[in-house]
Amino acid sequence: MELKDVRTRFAPSPTGMLHFGNANTALFNWLVARRYGGKVILRVEDTDLDRSTDNFEQMIIDDLKWLGIDWDEGPGMGGDYGPYHQMHRVDIYNDCVKKLFDLDMVYRCYCTKEELDAEREIAVKTKRPPRYSGKCRKLTPDDHARLEKEGKPFTVRFKTPRKEKVVVKDLIRGDIEFMSDELDDFIIIRSNGVPIFLLCNAVDDAMMKITHVVRGEDHISNTPKQVLINRALGLSVPEYLHTSMILGPDRTKLSKRHGAVSVFQFRELGYLPEALVNYLAFLGWNPKDEREFFSLDELKDAFTVEAMGKAPSVFDENRLRYINSHWMMAVSRDRVVDLAVVFLKKKGWLPEDVSQADRDKISTIIEITGERLKTINDLETYADFFFTEVAEYQPEGVKKHFNAEDTVANLKLIAEEINGLEPFNHETIEKAMYK
Ligand code: GLU
Ligand code: ZN
């Protein structure tokens with residue numbers, strides 16, 4: 001498949017840190033664009049006023065940069081299709097809603113939460129799908145005028161057409177067909193006047209000339225609604241790539257319950273960005289051969305849309321650790337030492353001012369600890385004795401070796417054997433020990 005003039009977008013909500021699943025989506029947006037010579041747009045979905053913060057936005061941006069995922073348009077980059085924060089685009093959405101009113105494609109719904117809950121309860125009891133009944137669709141212009149005068153709060157709902165086929169073009173899953181009757185008259189404007197992401201994203205995707213929407217499988221049910229909105233507005237409809245779900249080891253959707261799930265947490269745990277990117281790529285794609293290790297650059301060349309899959313992937317921390325151990329050896333030693341310094345300072349095992357001699361020592365420790373070091377934080381487990389007084393020796397070992405009659409003689413012998421050993425390395429020492 002050769003994709004042309006590709007424009008993808010990553011649309012995070014700054015309501016939390018960059019989650020593993022979001023990072024996976026961001027990476028695939030990047031790969032689809034970069035592989036086919038296209039552009040990546042970063043669009044901030046800040047319409048949830050209660051939960052969005054500038055701080056979260058900055059953290060998401062920092063994490064993306066740390067991973068090496070860049071963008072061509074969006075915060076910090078500008079671009080011809082801005083603004084790239086949705087709260088700065090509210091006028092655009094309002095114009096669209098006005099147009100939809102003119103087209104008689106939307107209506108005001110005055111139902112209260114209690115009324116809707118009661119409706120839903122009855123539907124569940126009578127085993128009907130819990131959809132909005134469309135009650136307010138039937139209000140007369142007089143009803144509307146009266147309710148408006150009363151100042152009753154309302155939402156705006158889309159008049160979902162009946163018996164219309166909606167086909168979503170999905171490059172991973174093939175065409176997905178929906179009958180519009182399966183969808184209810186969904187809300188596009190909340191009662192506080194803020195448009196819902198269904199509307200904002202559909203409109204923005206068209207206005208920003210997005211060709212391919214890459215997002216999680218959990219959005220599939222939203223897509224036909226967005227297709228209907230754009231169709232009503234006469235706007236273009238992009239193609240979709242609904243990526244596969246990421247599950248925890250218990251096969252439920254990956255979430256906080258499963259431990260570290262945000263990129264920031266993995267950073268703190270001492271992982272390298274190369275490892276995370278490498279691992280993330282395999283959640284939803286694979287090279288169809290034996291290769292396991294890919295840098296971002298290599299991914300860009302090896303990646304194809306055809307090789308993306310829809311089967312859910314299961315997050316496997318041991319696998320991530322294994323990949324990280326590879327990258328610890330592959331990247332420059334200086335970078336690994338940098339990571340170690342940060343970690344060791346946090347532990348209080350290094351002074352604020354780290355000398356070159358300290359760095360050399362750390363480098364040697366990394367060398368000797370070798371493969372046991374899956375992340376830099378494993379220094380705590382395997383190399384603590386280089387930095388702290390040993391508080392307690394293993395009781396078993398003490399019993400067996402410390403008080404035996406020949407302990408002193410043995411130590412002397414070892415000292416003699418290894419003294420002046422040339423070269424002084426793993427092999428020669430081992431050989432000396434077993435002599
Ligand atoms: N903010 C949404 C999410 O993170 C993105 C929705 C979309 O891609 O259209 O799931
Ligand atoms: Zn209603």
# chains A, B, ... in the order shown; residues from 1 in each chain; ligands from 1
>>> residues_near_ligand(ligand="ligand 1", cutoff="10 Å", atoms="only C-alpha atoms and all ligand atoms", output="VMD selection string")
chain A and resid 9 to 15 18 to 19 21 to 23 25 to 26 43 to 47 197 to 202 204 to 205 213 to 220 222 to 223 226 242
>>> residues_around(residues="Asp170 of chain A", least_positions_apart="5", cutoff="6 Å", atoms="only C-alpha atoms", output="ChimeraX atom specification")
/A:175,240-241
>>> write_last_selection(atoms="C-alpha atoms", output="short mmCIF file (atom, residue, chain, number, x, y, z; two decimals), in the first residue's frame")
data_model
loop_
_atom_site.label_atom_id
_atom_site.label_comp_id
_atom_site.auth_asym_id
_atom_site.auth_seq_id
_atom_site.Cartn_x
_atom_site.Cartn_y
_atom_site.Cartn_z
CA ASP A 175 -14.53 -1.66 5.61
CA TYR A 240 -9.16 5.28 9.72
CA LEU A 241 -6.68 2.99 11.37
#
>>> residues_around(residues="Val305 of chain A", least_positions_apart="3", cutoff="9 Å", atoms="only C-alpha atoms", output="PyMOL selection string")
chain A and resi 1+32+171-172+241+285+308-309
>>> atom_distance(atom1="atom CA of Leu42 of chain A", atom2="atom CA of Tyr84 of chain A")
7.2 Å
>>> residues_near_ligand(ligand="ligand 2", cutoff="10 Å", atoms="only C-alpha atoms and all ligand atoms", output="mmCIF file with C-alpha atoms, in the first residue's frame")
data_model
loop_
_atom_site.group_PDB
_atom_site.id
_atom_site.type_symbol
_atom_site.label_atom_id
_atom_site.label_comp_id
_atom_site.auth_asym_id
_atom_site.auth_seq_id
_atom_site.Cartn_x
_atom_site.Cartn_y
_atom_site.Cartn_z
ATOM 1 C CA TYR A 107 -32.225 19.713 17.828
ATOM 2 C CA ARG A 108 -32.295 20.817 21.412
ATOM 3 C CA CYS A 109 -32.953 18.178 24.026
ATOM 4 C CA TYR A 110 -34.283 19.368 27.361
ATOM 5 C CA CYS A 111 -34.378 15.980 29.046
ATOM 6 C CA THR A 112 -32.901 16.016 32.523
ATOM 7 C CA LYS A 113 -30.381 13.491 33.719
ATOM 8 C CA GLU A 115 -35.397 11.483 32.843
ATOM 9 C CA LEU A 116 -32.632 9.968 30.762
ATOM 10 C CA TYR A 132 -32.039 7.851 23.826
ATOM 11 C CA SER A 133 -35.668 7.624 22.717
ATOM 12 C CA GLY A 134 -35.568 10.722 20.554
ATOM 13 C CA LYS A 135 -38.317 12.282 22.624
ATOM 14 C CA CYS A 136 -37.273 15.906 22.069
ATOM 15 C CA ARG A 137 -37.046 15.392 18.328
ATOM 16 C CA LYS A 138 -40.816 15.590 18.375
ATOM 17 C CA LEU A 139 -41.080 18.930 20.171
ATOM 18 C CA PHE A 154 -30.496 21.810 27.032
ATOM 19 C CA THR A 155 -28.044 19.713 25.112
ATOM 20 C CA VAL A 156 -27.842 19.615 21.335
ATOM 21 C CA ARG A 157 -28.398 16.257 19.689
ATOM 22 C CA ASP A 185 -29.460 10.777 18.475
#
>>> residues_around(residues="segment 325-340 of chain A", least_positions_apart="6", cutoff="7 Å", atoms="only C-alpha atoms", output="PyMOL selection string")
chain A and resi 270+274-275+359+362-363+371+373-376
>>> write_last_selection(atoms="all heavy atoms", output="mmCIF file, in the first residue's frame")
data_model
loop_
_atom_site.group_PDB
_atom_site.id
_atom_site.type_symbol
_atom_site.label_atom_id
_atom_site.label_comp_id
_atom_site.auth_asym_id
_atom_site.auth_seq_id
_atom_site.Cartn_x
_atom_site.Cartn_y
_atom_site.Cartn_z
ATOM 1 N N GLY A 270 13.741 4.090 35.052
ATOM 2 C CA GLY A 270 15.072 3.945 34.478
ATOM 3 C C GLY A 270 15.102 3.295 33.107
ATOM 4 O O GLY A 270 16.139 2.766 32.701
ATOM 5 N N GLU A 274 14.566 4.478 23.717
ATOM 6 C CA GLU A 274 14.717 3.531 22.603
ATOM 7 C C GLU A 274 13.973 2.237 22.886
ATOM 8 O O GLU A 274 13.360 1.645 22.001
ATOM 9 C CB GLU A 274 16.202 3.192 22.378
ATOM 10 C CG GLU A 274 17.002 4.264 21.662
ATOM 11 C CD GLU A 274 17.516 5.338 22.613
ATOM 12 O OE1 GLU A 274 17.125 5.356 23.803
ATOM 13 O OE2 GLU A 274 18.321 6.172 22.150
ATOM 14 N N ALA A 275 14.060 1.787 24.139
ATOM 15 C CA ALA A 275 13.424 0.520 24.506
ATOM 16 C C ALA A 275 11.909 0.661 24.480
ATOM 17 O O ALA A 275 11.190 -0.214 23.987
ATOM 18 C CB ALA A 275 13.888 0.095 25.894
ATOM 19 N N ARG A 359 32.258 8.761 37.569
ATOM 20 C CA ARG A 359 31.620 8.279 36.329
ATOM 21 C C ARG A 359 32.354 7.051 35.795
ATOM 22 O O ARG A 359 31.729 6.097 35.323
ATOM 23 C CB ARG A 359 31.591 9.387 35.270
ATOM 24 C CG ARG A 359 30.660 10.542 35.628
ATOM 25 C CD ARG A 359 30.614 11.572 34.497
ATOM 26 N NE ARG A 359 30.068 11.008 33.266
ATOM 27 C CZ ARG A 359 28.772 11.041 32.945
ATOM 28 N NH1 ARG A 359 27.912 11.622 33.733
ATOM 29 N NH2 ARG A 359 28.358 10.492 31.824
ATOM 30 N N ILE A 362 31.331 4.128 37.855
ATOM 31 C CA ILE A 362 29.972 3.682 37.513
ATOM 32 C C ILE A 362 29.986 2.898 36.205
ATOM 33 O O ILE A 362 29.334 1.862 36.068
ATOM 34 C CB ILE A 362 29.018 4.895 37.411
ATOM 35 C CG1 ILE A 362 28.848 5.534 38.791
ATOM 36 C CG2 ILE A 362 27.661 4.484 36.854
ATOM 37 C CD1 ILE A 362 28.208 6.903 38.775
ATOM 38 N N SER A 363 30.777 3.381 35.274
ATOM 39 C CA SER A 363 30.850 2.698 33.986
ATOM 40 C C SER A 363 31.370 1.270 34.170
ATOM 41 O O SER A 363 30.845 0.320 33.575
ATOM 42 C CB SER A 363 31.758 3.492 33.043
ATOM 43 O OG SER A 363 31.865 2.827 31.820
ATOM 44 N N GLU A 371 24.581 -8.309 32.002
ATOM 45 C CA GLU A 371 23.221 -8.632 31.561
ATOM 46 C C GLU A 371 22.184 -8.620 32.675
ATOM 47 O O GLU A 371 20.988 -8.588 32.393
ATOM 48 C CB GLU A 371 23.199 -10.021 30.933
ATOM 49 C CG GLU A 371 23.677 -10.024 29.516
ATOM 50 C CD GLU A 371 23.733 -11.422 28.956
ATOM 51 O OE1 GLU A 371 23.363 -12.377 29.688
ATOM 52 O OE2 GLU A 371 24.151 -11.562 27.808
ATOM 53 N N LEU A 373 21.602 -6.349 34.548
ATOM 54 C CA LEU A 373 21.040 -5.002 34.588
ATOM 55 C C LEU A 373 20.034 -4.835 33.453
ATOM 56 O O LEU A 373 20.399 -4.586 32.321
ATOM 57 C CB LEU A 373 22.197 -4.023 34.382
ATOM 58 C CG LEU A 373 22.297 -2.786 35.229
ATOM 59 C CD1 LEU A 373 22.163 -3.070 36.701
ATOM 60 C CD2 LEU A 373 23.606 -2.077 34.933
ATOM 61 N N LYS A 374 18.744 -4.993 33.777
ATOM 62 C CA LYS A 374 17.738 -4.854 32.715
ATOM 63 C C LYS A 374 17.308 -3.403 32.574
ATOM 64 O O LYS A 374 17.011 -2.926 31.495
ATOM 65 C CB LYS A 374 16.516 -5.719 33.016
ATOM 66 C CG LYS A 374 16.829 -7.214 33.135
ATOM 67 C CD LYS A 374 17.066 -7.821 31.769
ATOM 68 C CE LYS A 374 17.173 -9.334 31.804
ATOM 69 N NZ LYS A 374 18.532 -9.797 32.106
ATOM 70 N N THR A 375 17.237 -2.706 33.699
ATOM 71 C CA THR A 375 17.049 -1.250 33.662
ATOM 72 C C THR A 375 18.094 -0.681 34.612
ATOM 73 O O THR A 375 18.617 -1.409 35.459
ATOM 74 C CB THR A 375 15.665 -0.786 34.172
ATOM 75 O OG1 THR A 375 15.620 -0.905 35.596
ATOM 76 C CG2 THR A 375 14.537 -1.602 33.559
ATOM 77 N N ILE A 376 18.364 0.604 34.472
ATOM 78 C CA ILE A 376 19.428 1.174 35.299
ATOM 79 C C ILE A 376 19.074 1.082 36.780
ATOM 80 O O ILE A 376 19.943 0.955 37.639
ATOM 81 C CB ILE A 376 19.766 2.624 34.849
ATOM 82 C CG1 ILE A 376 21.177 2.970 35.291
ATOM 83 C CG2 ILE A 376 18.793 3.632 35.402
ATOM 84 C CD1 ILE A 376 22.256 2.175 34.636
#
>>> atom_distance(atom1="atom CA of Phe386 of chain A", atom2="atom CA of Asn318 of chain A")
25.8 Å
>>> select_by_dssp(residues="segment 339-430 of chain A", states="helix (DSSP H, G or I)", output="PyMOL selection string")
chain A and resi 339-347+356-372+376-382+384-386+395-402+407-418+426-430
>>> select_by_dssp(residues="segment 191-412 of chain A", states="strand (DSSP E or B)", output="list in words")
Pro195, His212, Val213, Val214, Arg215, Gly216, Glu239, Tyr240, Leu241, His242, Thr243, Ile246, Leu247, Lys253, Ser262, Trp285, Met308, Ser313 and Val314 of chain A
>>> write_last_selection(atoms="all heavy atoms", output="compact mmCIF listing (two decimals), in the first residue's frame")
# COMPACT_ATOMS: atom_id res chain seq x y z
N PRO A 195 -18.83 21.97 23.20
CA PRO A 195 -19.03 20.89 22.23
C PRO A 195 -18.31 19.60 22.64
O PRO A 195 -17.28 19.64 23.30
CB PRO A 195 -18.43 21.46 20.95
CG PRO A 195 -17.56 22.58 21.36
CD PRO A 195 -18.06 23.08 22.67
N HIS A 212 -5.56 10.40 7.48
CA HIS A 212 -5.65 9.12 8.19
C HIS A 212 -5.75 9.36 9.69
O HIS A 212 -4.84 9.95 10.26
CB HIS A 212 -4.44 8.24 7.88
CG HIS A 212 -4.38 7.87 6.43
ND1 HIS A 212 -3.77 8.68 5.49
CD2 HIS A 212 -4.88 6.80 5.77
CE1 HIS A 212 -3.90 8.11 4.30
NE2 HIS A 212 -4.56 6.98 4.43
N VAL A 213 -6.85 8.91 10.25
CA VAL A 213 -7.02 9.02 11.70
C VAL A 213 -6.56 7.72 12.33
O VAL A 213 -7.12 6.67 12.08
CB VAL A 213 -8.49 9.32 12.06
CG1 VAL A 213 -8.71 9.16 13.57
CG2 VAL A 213 -8.87 10.72 11.60
N VAL A 214 -5.48 7.83 13.09
CA VAL A 214 -4.94 6.65 13.76
C VAL A 214 -5.30 6.76 15.23
O VAL A 214 -4.87 7.71 15.90
CB VAL A 214 -3.40 6.59 13.62
CG1 VAL A 214 -2.86 5.30 14.22
CG2 VAL A 214 -2.98 6.73 12.16
N ARG A 215 -6.12 5.86 15.72
CA ARG A 215 -6.50 5.93 17.13
C ARG A 215 -6.93 4.56 17.60
O ARG A 215 -7.08 3.62 16.81
CB ARG A 215 -7.61 6.97 17.33
CG ARG A 215 -8.90 6.66 16.57
CD ARG A 215 -9.91 7.76 16.82
NE ARG A 215 -11.17 7.51 16.13
CZ ARG A 215 -12.19 8.36 16.15
NH1 ARG A 215 -12.09 9.48 16.81
NH2 ARG A 215 -13.31 8.07 15.52
N GLY A 216 -7.17 4.45 18.91
CA GLY A 216 -7.44 3.15 19.52
C GLY A 216 -8.77 2.53 19.09
O GLY A 216 -9.71 3.24 18.72
N GLU A 239 -9.69 8.44 6.19
CA GLU A 239 -9.65 6.99 6.39
C GLU A 239 -9.18 6.74 7.82
O GLU A 239 -8.58 7.63 8.44
CB GLU A 239 -8.70 6.35 5.39
CG GLU A 239 -9.23 6.48 3.98
CD GLU A 239 -8.39 5.73 2.95
OE1 GLU A 239 -7.15 5.77 3.05
OE2 GLU A 239 -8.98 5.12 2.06
N TYR A 240 -9.46 5.56 8.31
CA TYR A 240 -9.16 5.28 9.72
C TYR A 240 -8.22 4.10 9.88
O TYR A 240 -8.19 3.19 9.04
CB TYR A 240 -10.46 5.00 10.49
CG TYR A 240 -11.27 6.25 10.72
CD1 TYR A 240 -12.13 6.74 9.73
CD2 TYR A 240 -11.13 6.98 11.89
CE1 TYR A 240 -12.84 7.91 9.92
CE2 TYR A 240 -11.84 8.16 12.08
CZ TYR A 240 -12.69 8.62 11.10
OH TYR A 240 -13.38 9.79 11.29
N LEU A 241 -7.45 4.16 10.94
CA LEU A 241 -6.68 2.99 11.37
C LEU A 241 -6.97 2.84 12.85
O LEU A 241 -6.47 3.62 13.68
CB LEU A 241 -5.17 3.19 11.17
CG LEU A 241 -4.65 3.20 9.73
CD1 LEU A 241 -4.67 4.61 9.16
CD2 LEU A 241 -3.24 2.65 9.68
N HIS A 242 -7.84 1.91 13.17
CA HIS A 242 -8.13 1.66 14.58
C HIS A 242 -7.16 0.60 15.08
O HIS A 242 -7.23 -0.55 14.68
CB HIS A 242 -9.59 1.22 14.76
CG HIS A 242 -10.57 2.33 14.52
ND1 HIS A 242 -11.29 2.45 13.36
CD2 HIS A 242 -10.93 3.39 15.30
CE1 HIS A 242 -12.07 3.53 13.43
NE2 HIS A 242 -11.86 4.12 14.60
N THR A 243 -6.26 1.05 15.94
CA THR A 243 -5.18 0.16 16.38
C THR A 243 -5.70 -0.82 17.43
O THR A 243 -6.76 -0.62 18.01
CB THR A 243 -4.03 0.98 16.97
OG1 THR A 243 -4.54 1.71 18.09
CG2 THR A 243 -3.45 1.95 15.97
N ILE A 246 -4.44 -2.68 24.03
CA ILE A 246 -3.35 -3.20 24.87
C ILE A 246 -3.98 -3.70 26.15
O ILE A 246 -4.71 -2.96 26.83
CB ILE A 246 -2.31 -2.11 25.16
CG1 ILE A 246 -1.80 -1.52 23.84
CG2 ILE A 246 -1.16 -2.69 25.97
CD1 ILE A 246 -0.85 -0.36 24.03
N LEU A 247 -3.72 -4.95 26.45
CA LEU A 247 -4.30 -5.57 27.64
C LEU A 247 -3.23 -5.78 28.70
O LEU A 247 -2.04 -5.87 28.39
CB LEU A 247 -4.92 -6.92 27.30
CG LEU A 247 -5.91 -6.94 26.13
CD1 LEU A 247 -6.36 -8.37 25.83
CD2 LEU A 247 -7.12 -6.06 26.42
N LYS A 253 -8.32 -4.51 29.90
CA LYS A 253 -7.69 -3.32 29.33
C LYS A 253 -6.60 -2.78 30.27
O LYS A 253 -6.83 -2.63 31.47
CB LYS A 253 -8.75 -2.25 29.09
CG LYS A 253 -8.26 -1.14 28.23
CD LYS A 253 -9.34 -0.13 27.91
CE LYS A 253 -8.66 1.06 27.27
NZ LYS A 253 -9.47 2.22 27.15
N SER A 262 2.21 4.86 32.70
CA SER A 262 2.46 6.11 31.98
C SER A 262 3.94 6.17 31.59
O SER A 262 4.79 5.60 32.25
CB SER A 262 2.07 7.32 32.82
OG SER A 262 2.98 7.49 33.87
N TRP A 285 1.96 -4.07 15.71
CA TRP A 285 2.72 -4.22 14.46
C TRP A 285 3.82 -5.24 14.71
O TRP A 285 4.24 -5.43 15.85
CB TRP A 285 3.35 -2.87 14.07
CG TRP A 285 4.33 -2.96 12.94
CD1 TRP A 285 4.05 -2.91 11.60
CD2 TRP A 285 5.75 -3.13 13.05
NE1 TRP A 285 5.20 -3.05 10.88
CE2 TRP A 285 6.27 -3.19 11.75
CE3 TRP A 285 6.65 -3.27 14.13
CZ2 TRP A 285 7.63 -3.35 11.48
CZ3 TRP A 285 8.01 -3.43 13.86
CH2 TRP A 285 8.48 -3.47 12.54
N MET A 308 0.30 -4.08 10.21
CA MET A 308 -0.37 -3.78 11.49
C MET A 308 -1.48 -4.81 11.70
O MET A 308 -2.07 -5.30 10.74
CB MET A 308 -0.98 -2.38 11.48
CG MET A 308 0.07 -1.29 11.50
SD MET A 308 -0.66 0.36 11.53
CE MET A 308 -1.12 0.51 13.26
N SER A 313 -2.90 -6.86 22.04
CA SER A 313 -1.59 -7.29 22.52
C SER A 313 -1.59 -7.22 24.04
O SER A 313 -2.28 -6.40 24.63
CB SER A 313 -0.47 -6.43 21.97
OG SER A 313 -0.95 -5.40 21.18
N VAL A 314 -0.80 -8.09 24.61
CA VAL A 314 -0.74 -8.14 26.07
C VAL A 314 0.58 -7.53 26.52
O VAL A 314 1.65 -7.88 26.03
CB VAL A 314 -0.84 -9.60 26.57
CG1 VAL A 314 -0.72 -9.65 28.09
CG2 VAL A 314 -2.15 -10.23 26.12
>>> closest_residue(among="A:Phe101, A:His85, A:Arg321, A:Lys165", to="Asp54 of chain A", atoms="only C-alpha atoms")
A:His85
>>> closest_residue(among="A:Val341, A:Asn24, A:Leu64, A:Gly37", to="Phe315 of chain A", atoms="only C-alpha atoms")
A:Asn24
>>> atom_distance(atom1="atom CA of Asp358 of chain A", atom2="atom CA of Glu422 of chain A")
24.2 Å
>>> residues_around(residues="Val168 of chain A", least_positions_apart="3", cutoff="7 Å", atoms="only C-alpha atoms", output="JSON, numbers by chain")
{"A": [175, 176, 177, 224]}
>>> write_last_selection(atoms="N, CA and C atoms", output="PDB file, in the first residue's frame")
ATOM      1  N   ASP A 175     -13.342  -2.506   5.452  1.00  0.00           N
ATOM      2  CA  ASP A 175     -14.533  -1.662   5.608  1.00  0.00           C
ATOM      3  C   ASP A 175     -15.368  -2.154   6.783  1.00  0.00           C
ATOM      4  N   ILE A 176     -15.760  -1.221   7.645  1.00  0.00           N
ATOM      5  CA  ILE A 176     -16.644  -1.586   8.752  1.00  0.00           C
ATOM      6  C   ILE A 176     -17.990  -0.920   8.471  1.00  0.00           C
ATOM      7  N   GLU A 177     -19.036  -1.757   8.394  1.00  0.00           N
ATOM      8  CA  GLU A 177     -20.356  -1.213   8.055  1.00  0.00           C
ATOM      9  C   GLU A 177     -21.234  -1.050   9.285  1.00  0.00           C
ATOM     10  N   PRO A 224     -18.679   6.009  13.148  1.00  0.00           N
ATOM     11  CA  PRO A 224     -19.826   6.259  12.259  1.00  0.00           C
ATOM     12  C   PRO A 224     -20.545   7.572  12.590  1.00  0.00           C
TER      13      PRO A 224
END
>>> residues_around(residues="Leu183 of chain A", least_positions_apart="4", cutoff="8 Å", atoms="only C-alpha atoms", output="list in words")
Arg131, Thr160, Met179 and Lys225 of chain A
>>> closest_residue(among="A:Asn55, A:Ile229, A:Leu31, A:Met245", to="Ala302 of chain A", atoms="only C-alpha atoms")
A:Leu31
>>> closest_residue(among="A:Ala145, A:Ala281, A:Val398, A:Ala383", to="Lys361 of chain A", atoms="only C-alpha atoms")
A:Ala383
>>> residues_around(residues="segment 258-261 of chain A", least_positions_apart="3", cutoff="6 Å", atoms="only C-alpha atoms", output="number ranges by chain")
A: 19-20, 255, 265
